[in-house]
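Peer 1: Structure below; questions to follow.
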Amino acid sequence: MSNKQKLVVIGNGMAGARLVEDIITRDGADQFEFVMFGDEPYGNYNRILLSGVLSGSHDPQDIFINPLAWYEQNNVTLHAGERVVKIDRAAKTIHGANGTVESYDKLAIATGSSAFVPPIDGLYVAQNPQSAIHNPQSFKPGVFVFRTLDDCGAITSYAEGSKRAVVIGGGLLGLEAARGLLNLGAEVHVVHLMPHLMDVQLDPIAGATLRRSMEAMGVRVHLNKATTAILGDGCVTGLQFKDGSQLECDMVVISAGIRPSVQLARDAGLTVERGIVVGDGITSVDDPDVFAVGECAQHNGMVYGLVAPLWEQTAVLAERLTGRKPNAEYKGSKVSTKLKVMGIELAVMGVKEARDENDEVVVYTEPGRGIYKKLIVRNGQLAGAMLLGDASTAPALLQAFDRGSLLPENRAELLFPLMGDAAQQSVIDLPDEAQICNCNGVSKGAVINAVKKGCRSIKALCEATRAGTGCGSCKPQVNELLEFAAGDLIVEDPSIHYYVPGVPLRKPELITAVKEKQLKSVSSVFAVLANGKEDPASKIGLASLLKTIWHDEYEDERDARFINDRVHANIQKDRTFSVVPRIYGGVTSADELRRIADVADKYNVPMVKITGGQRIDLLGIKKEDLPGVWRDLGMPSGHAYTKAFRTCKTCVGTEFCRFGVGDSTGLGIEIEKKFQGIEFPHKLKMATTGCPRNCSEATTKDIGAVAIEGGKWEIIVGGAAGSKVRKADLLVTVETHEDALRYIGRFMQYYRERAKYLERTYDFVERIGIEAIRRVLVDDEDGICAELDAGIQAAVNAYVDPWQEAVQPVHPSQFINTLALFAGAEREQMLVQIEKAQPAFGD
Amino acid sequence: METTIAEYAPMTFPLLAVNLGAVERIPPGEGREFDVDGELVTVFRARDGQLYAVQAKCPHRQGALADGIIGAGKVVCPMHSFKFDLATGAALGNDCAALKTYVVSVNDDGEMLLNTNAVRGASAT
């Protein structure tokens, strides 16, 4: 207990609570004692949804992220409703307005911001000269700001008697307030200082489009209007503008922007410009024990008012504080947002105007439906985008923007959803009882409920509901439901970026660490890179990677393998196994078939089945019988049980077929002989076809070779015909078997080194993009082709047929399920007094 | 949590154990089953030397836990990846009943002793 550090967080808004949550997610609860101060007498709520509360679409109860019970459950001391009046950095203490004094080891300032109230005459009842300080108590009756849950309540009750309400400020918050007021039944006007609405985010055309859509909903918009005075002696009766005009109204909501709340920090002697100045470590430039996150923080000259940068800041700080990544750095955020303004979809990212004539501007407008889309492309990358009225391609654009990836030549793909996708019904529209996960029978309602109960990361959601844990093909839908139900509150579990969940490194970093520290066994990786904690869910992935890195130097530990790879056969539901011997290219002989038949007889094999990969499967073999079966077959393993190259399906090609233009059986056999048994991040299936009729279905394999007239082969990659169907992309066209094998091997090694664990080639190819893959593997743009060719050759050289363990098992009990006790009299002696024994359980 | 063998075995019964033989009979990091008077018990030998003994079948669909992967005191069933805590038997992230757990220890000769009197199950917790 006593060795815990005390972290005090000033501010119980979205940033403050998220920081504590992020630390707890990273197992930091053992390291810190948490104390929080919040101005408002509540738990932490989602400020973004306040307009929903105002418009009546959300009950105030629905917008709480962390109710008060959460603080109790997580041992967080919350001083709710107590404003902090002083930070004493010398004594390391925090002083609350009610006299509470808390000492701290580490201090996080997350005071957020408050509503900016411009200097307007007639705002206050008694002409309070200190108009810069926002004090709602002294506003003239009918004047409000829109920032807190209490503001919401005050506006709602006053609006009941209001006939005409005016919102000052046509920015995002102002428009949200307008929507809320509209639903409350008042006539609503928006008064904006600038020539178009949301001028910070939108260009003039988008602003005008938005204005038309809003006016169609009944909101009156007044642009280029500077408010100089609020009229009325007792309560509000109207507004006076600088141009001399007036507007009658009985209620005014000021939403003219926000200002970071930094007075407390300034008084404490911290460097404050627009916000509290922090470095890349989210740490104050003046004090290593003081941090600032969220809207009150200024990093590299920027103060962010959106929620995504805030999440990035708290994640970096949590990584540092928990020691997961003591040197984690925040490098600023690329600003993007996707939201609804008065029910109108809007996504904005990056710049809003072209910088010069070298920027390519792509625009689509459809004024009748209020749709406006604009892309700004710079050097082939997305520099900015604006989607108004239809944001269906926003996820793809956001991804391209965040990663800075090269855009497809056909820009229309970025503006419009693919026809196939558009035809699909959105999962959001399905009824609650609709089944989302068809493997585990999980309904949409069950997924939504789990999100409401607090599963706000995809990992937690899948674990809690089991949705997406079968074949995984429903994960996009589960993710869509998560986004729908949790919105901006989605918690990104850092482990989704790790190669395996139990070692906090991405694949490239992990490979570097493994090579640098010469880690050749799974247990050594846990010992050196995961604080000695063996994560069972990470073992298999690590074993696969280490084998790819070290080839024959890999120190094999059998307990890190899935049971299939311990006994080289595929486990079935009754704990028997399936045995598939390798039949190169699907071409067998009478002699092989006779041996297979003899084995089936000798071991009473319950089912002999022809597989989809042109082989023969013996099902229902007991584990103990595996070595005997292999010996009697006298054929090598077909690897039908592991994440490896499985088989190369072939057609009869030129030997007999009257259409064949290439020797597909010959090439298929060469492929299987060369690459048999090589392990991959996932299974890998191939096919060769002797002509474009594609009888062996090569176009839906991970890798295919299609013979075309002229003695050429098209090498295609990334096809799928499993839970997902995808046509493979053309990698290269070659003229010889030798070249075919070279490019196939090169792609294989690239996939082995770059793919995430359990990422099939079809997801990998889509993620990297076939053009990018061609540049690397065909044009050798990165100069790594020779290295890749050498890498796959090393793997080919390291191949050993695992069925040789029939002769030499790695452990006497490798193929034994149940170890015998000693029999009869011998066993009697084994009954011993327990007191002699050393307890090995339960401590 | 301190767990003593006496908690499980009333003193009126003889404190006897079945000798399962040398720990090396189980490959490091793996588990094997033992048929103890018709009751299948799986013993896991973790890489840090810790032994765990639990019921052999997964309560979900009767998967053989001995074929599962272990780590950090947990076992993952090879059939549908259901997880259990090996020391307490508790189901982790699923609604299954807890596994029955047994007390297993090592004597001075490096042999595994399974105390069949000391059984803990879902009903006992």
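The chains in the structure tokens are called A, B, ... from first to last as shown; in each chain the residues are counted from 1, and the ligands are counted from 1 in the order shown.
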Within 9 Å of stretch 603-611 of chain A, counting only C-alpha atoms, which residues show up once you throw out same-chain ones fewer than 6 positions away? Write them as a list in words, please.

Peer 2: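 Everything that qualifies: Val580, Ala597, Asp617, Leu618, Leu619, Gly620, Ile621, Lys622, Asp625 and Val629 of chain A.
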
Peer 1: Please report, as a tab-separated table, each residue of chain B lying at most 8 Å from chain A, together with the nearest pair of atoms and the separation in Å rounded to one decimal; use only C-alpha atoms, and order rows by chain and ascending residue number.

Peer 2:
```
residue	atom	partner	partner_atom	distance
B:Met1	CA	A:Asp843	CA	6.0
B:Glu2	CA	A:Asp843	CA	5.5
B:Thr3	CA	A:Gly842	CA	5.2
B:Thr4	CA	A:Gly842	CA	7.6
B:Ile5	CA	A:Pro839	CA	7.9
B:Leu15	CA	A:Ile834	CA	5.7
B:Leu16	CA	A:Gln833	CA	5.5
B:Ala17	CA	A:Leu831	CA	5.5
B:Val18	CA	A:Leu831	CA	5.3
B:Asn19	CA	A:Met830	CA	5.0
B:Leu20	CA	A:Leu821	CA	6.3
B:Gly21	CA	A:Leu821	CA	7.9
B:Arg25	CA	A:Ser813	CA	7.0
B:Ile26	CA	A:Ser813	CA	7.1
B:Pro27	CA	A:His811	CA	6.9
B:Pro28	CA	A:Asp559	CA	7.0
B:Gly29	CA	A:Asp559	CA	5.1
B:Glu30	CA	A:Asp559	CA	5.5
B:Arg32	CA	A:Asn817	CA	6.1
B:Glu33	CA	A:Thr818	CA	4.5
B:Phe34	CA	A:Thr818	CA	5.3
B:Asp35	CA	A:Thr818	CA	6.9
B:Val36	CA	A:Leu821	CA	7.7
B:Gln50	CA	A:Ala840	CA	6.3
B:Leu51	CA	A:Ala840	CA	6.3
B:Tyr52	CA	A:Phe841	CA	6.7
B:Gly63	CA	A:Arg575	CA	7.4
B:Ala64	CA	A:Arg575	CA	7.1
B:Ala66	CA	A:Asn817	CA	7.7
B:Asp67	CA	A:Ile563	CA	5.6
B:Gly68	CA	A:Ile563	CA	6.8
B:Ile69	CA	A:Pro536	CA	5.8
B:Ile70	CA	A:Pro536	CA	5.2
B:Gly71	CA	A:Pro536	CA	4.6
B:Ala72	CA	A:Glu534	CA	5.2
B:Lys74	CA	A:Pro536	CA	7.3
B:Val75	CA	A:Pro536	CA	7.3
B:Val76	CA	A:Pro536	CA	7.1
B:Pro78	CA	A:Ile563	CA	7.1
B:Met79	CA	A:Lys573	CA	7.2
B:Ala87	CA	A:Gly842	CA	6.3
B:Gly93	CA	A:Ala464	CA	6.4
B:Asn94	CA	A:Ala464	CA	7.6
B:Val103	CA	A:Phe841	CA	6.3
B:Val104	CA	A:Phe841	CA	6.2
B:Ser105	CA	A:Ala840	CA	4.5
B:Val106	CA	A:Gln838	CA	5.7
B:Asn107	CA	A:Ala837	CA	4.5
B:Asp108	CA	A:Ala837	CA	7.0
B:Leu113	CA	A:Ala837	CA	7.6
B:Asn115	CA	A:Ile834	CA	7.7
```

Peer 1: For a test of reading the model, state the distance in Å between atom CA of A:Met194 and atom CA of A:Tyr364, rounded to one decimal.

Peer 2: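 Going from atom CA of A:Met194 over to atom CA of A:Tyr364 covers 24.4 Å.
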
Peer 1: Which neighbours of B:Cys96 fall inside 9 Å, counting only C-alpha atoms, when residues of the same chain fewer than 4 positions from it are skipped, and could you give them as a ChimeraX atom specification?

Peer 2: /B:58-60,82,90-92

Peer 1: Would you write out those residues with N, CA and C atoms, as an mmCIF file, in the first residue's frame?

Peer 2:
```cif
data_model
loop_
_atom_site.group_PDB
_atom_site.id
_atom_site.type_symbol
_atom_site.label_atom_id
_atom_site.label_comp_id
_atom_site.auth_asym_id
_atom_site.auth_seq_id
_atom_site.Cartn_x
_atom_site.Cartn_y
_atom_site.Cartn_z
ATOM 1 N N CYS B 58 -12.996 -29.861 -19.998
ATOM 2 C CA CYS B 58 -13.545 -28.508 -19.958
ATOM 3 C C CYS B 58 -15.057 -28.602 -19.753
ATOM 4 N N PRO B 59 -15.621 -27.826 -18.815
ATOM 5 C CA PRO B 59 -17.061 -27.919 -18.567
ATOM 6 C C PRO B 59 -17.900 -27.458 -19.764
ATOM 7 N N HIS B 60 -17.310 -26.736 -20.684
ATOM 8 C CA HIS B 60 -18.063 -26.190 -21.827
ATOM 9 C C HIS B 60 -18.490 -27.302 -22.783
ATOM 10 N N PHE B 82 -11.834 -21.409 -24.181
ATOM 11 C CA PHE B 82 -12.339 -20.977 -22.868
ATOM 12 C C PHE B 82 -11.171 -20.992 -21.885
ATOM 13 N N ALA B 90 -11.441 -21.142 -11.263
ATOM 14 C CA ALA B 90 -12.469 -20.193 -11.704
ATOM 15 C C ALA B 90 -12.462 -20.006 -13.213
ATOM 16 N N ALA B 91 -13.664 -19.917 -13.779
ATOM 17 C CA ALA B 91 -13.797 -19.621 -15.204
ATOM 18 C C ALA B 91 -13.448 -18.149 -15.421
ATOM 19 N N LEU B 92 -12.698 -17.849 -16.470
ATOM 20 C CA LEU B 92 -12.271 -16.473 -16.736
ATOM 21 C C LEU B 92 -12.920 -15.996 -18.026
#
```

Peer 1: Using only C-alpha atoms, which of A:Ala543, A:Ile205, A:Leu49, A:Leu107 sits nearest A:Lys340?

Peer 2: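 Of A:Ala543, A:Ile205, A:Leu49, A:Leu107, the one nearest A:Lys340 is A:Leu49, counting only C-alpha atoms.
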
Peer 1: Could you pull out the residues in stretch 203-311 of chain A that DSSP calls strand (DSSP E) from the backbone, as a PyMOL selection string?

Peer 2: chain A and resi 220-222+227-231+238-241+246-248+251-254+258-260+276-278+290-292+297-299

Peer 1: Can you write out the residues you just picked, keeping C-alpha atoms, as a compact mmCIF listing (two decimals), in the first residue's frame?

Peer 2:
```
# COMPACT_ATOMS: atom_id res chain seq x y z
CA ARG A 220 -33.22 31.16 -39.24
CA VAL A 221 -29.61 32.08 -39.91
CA HIS A 222 -28.17 35.63 -39.75
CA THR A 227 -24.03 41.64 -31.48
CA THR A 228 -23.37 44.82 -29.52
CA ALA A 229 -26.04 44.74 -26.84
CA ILE A 230 -28.69 42.66 -25.20
CA LEU A 231 -31.86 44.67 -24.89
CA GLY A 238 -33.99 41.54 -28.07
CA LEU A 239 -30.56 42.02 -29.57
CA GLN A 240 -28.88 45.08 -31.00
CA PHE A 241 -26.42 44.58 -33.84
CA GLN A 246 -32.35 44.64 -34.07
CA LEU A 247 -33.90 41.23 -33.47
CA GLU A 248 -36.66 40.65 -30.94
CA MET A 251 -33.96 34.14 -24.74
CA VAL A 252 -30.26 34.21 -25.71
CA VAL A 253 -27.76 31.34 -25.62
CA ILE A 254 -24.17 32.48 -26.01
CA ILE A 258 -14.38 28.29 -25.43
CA ARG A 259 -11.33 29.44 -23.52
CA PRO A 260 -8.92 27.10 -21.73
CA ILE A 276 -0.62 25.22 -20.05
CA VAL A 277 2.57 24.57 -21.98
CA VAL A 278 3.64 20.92 -22.06
CA VAL A 290 2.96 18.21 -13.14
CA PHE A 291 1.08 17.24 -16.29
CA ALA A 292 -1.67 18.88 -18.31
CA ALA A 297 -3.01 21.96 -22.43
CA GLN A 298 -0.90 23.57 -25.13
CA HIS A 299 1.48 21.33 -27.04
```

Peer 1: Please, what distance in Å, to one decimal, runs between atom CA of A:Lys374 and atom CA of A:Arg47?

Peer 2: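 About the pair atom CA of A:Lys374 and atom CA of A:Arg47: they are 28.8 Å apart.
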
Peer 1: Contacts of stretch 54-67 of chain A at 6 Å or less, counting only C-alpha atoms, minus same-chain residues fewer than 5 places along, as a list in words?

Peer 2: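 That gives Gly43, Asn44, Tyr45, Asn46, Cys152, Gly180 and Asn183 of chain A.
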
Peer 1: What does the file look like for those residues with C-alpha atoms, as a compact mmCIF listing (two decimals), in the first residue's frame?

Peer 2:
```txt
# COMPACT_ATOMS: atom_id res chain seq x y z
CA GLY A 43 -19.41 11.71 -12.04
CA ASN A 44 -17.80 12.19 -15.41
CA TYR A 45 -20.14 12.75 -18.33
CA ASN A 46 -19.85 13.04 -22.09
CA CYS A 152 -28.58 22.42 -19.97
CA GLY A 180 -31.72 21.45 -28.89
CA ASN A 183 -36.82 20.47 -30.31
```

Peer 1: Could you check the closest approach to B:Glu39 for each of B:Leu65, B:Gly73, B:Thr116, B:Gly89 and tell me which residue wins, using only C-alpha atoms?

Peer 2: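 Once distances to B:Glu39 are computed over only C-alpha atoms, the minimum belongs to B:Thr116.
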
Peer 1: Between atom CA of A:Cys455 and atom CA of A:Ala29, measure the distance and give it in Å to one decimal.

Peer 2: 18.6 Å
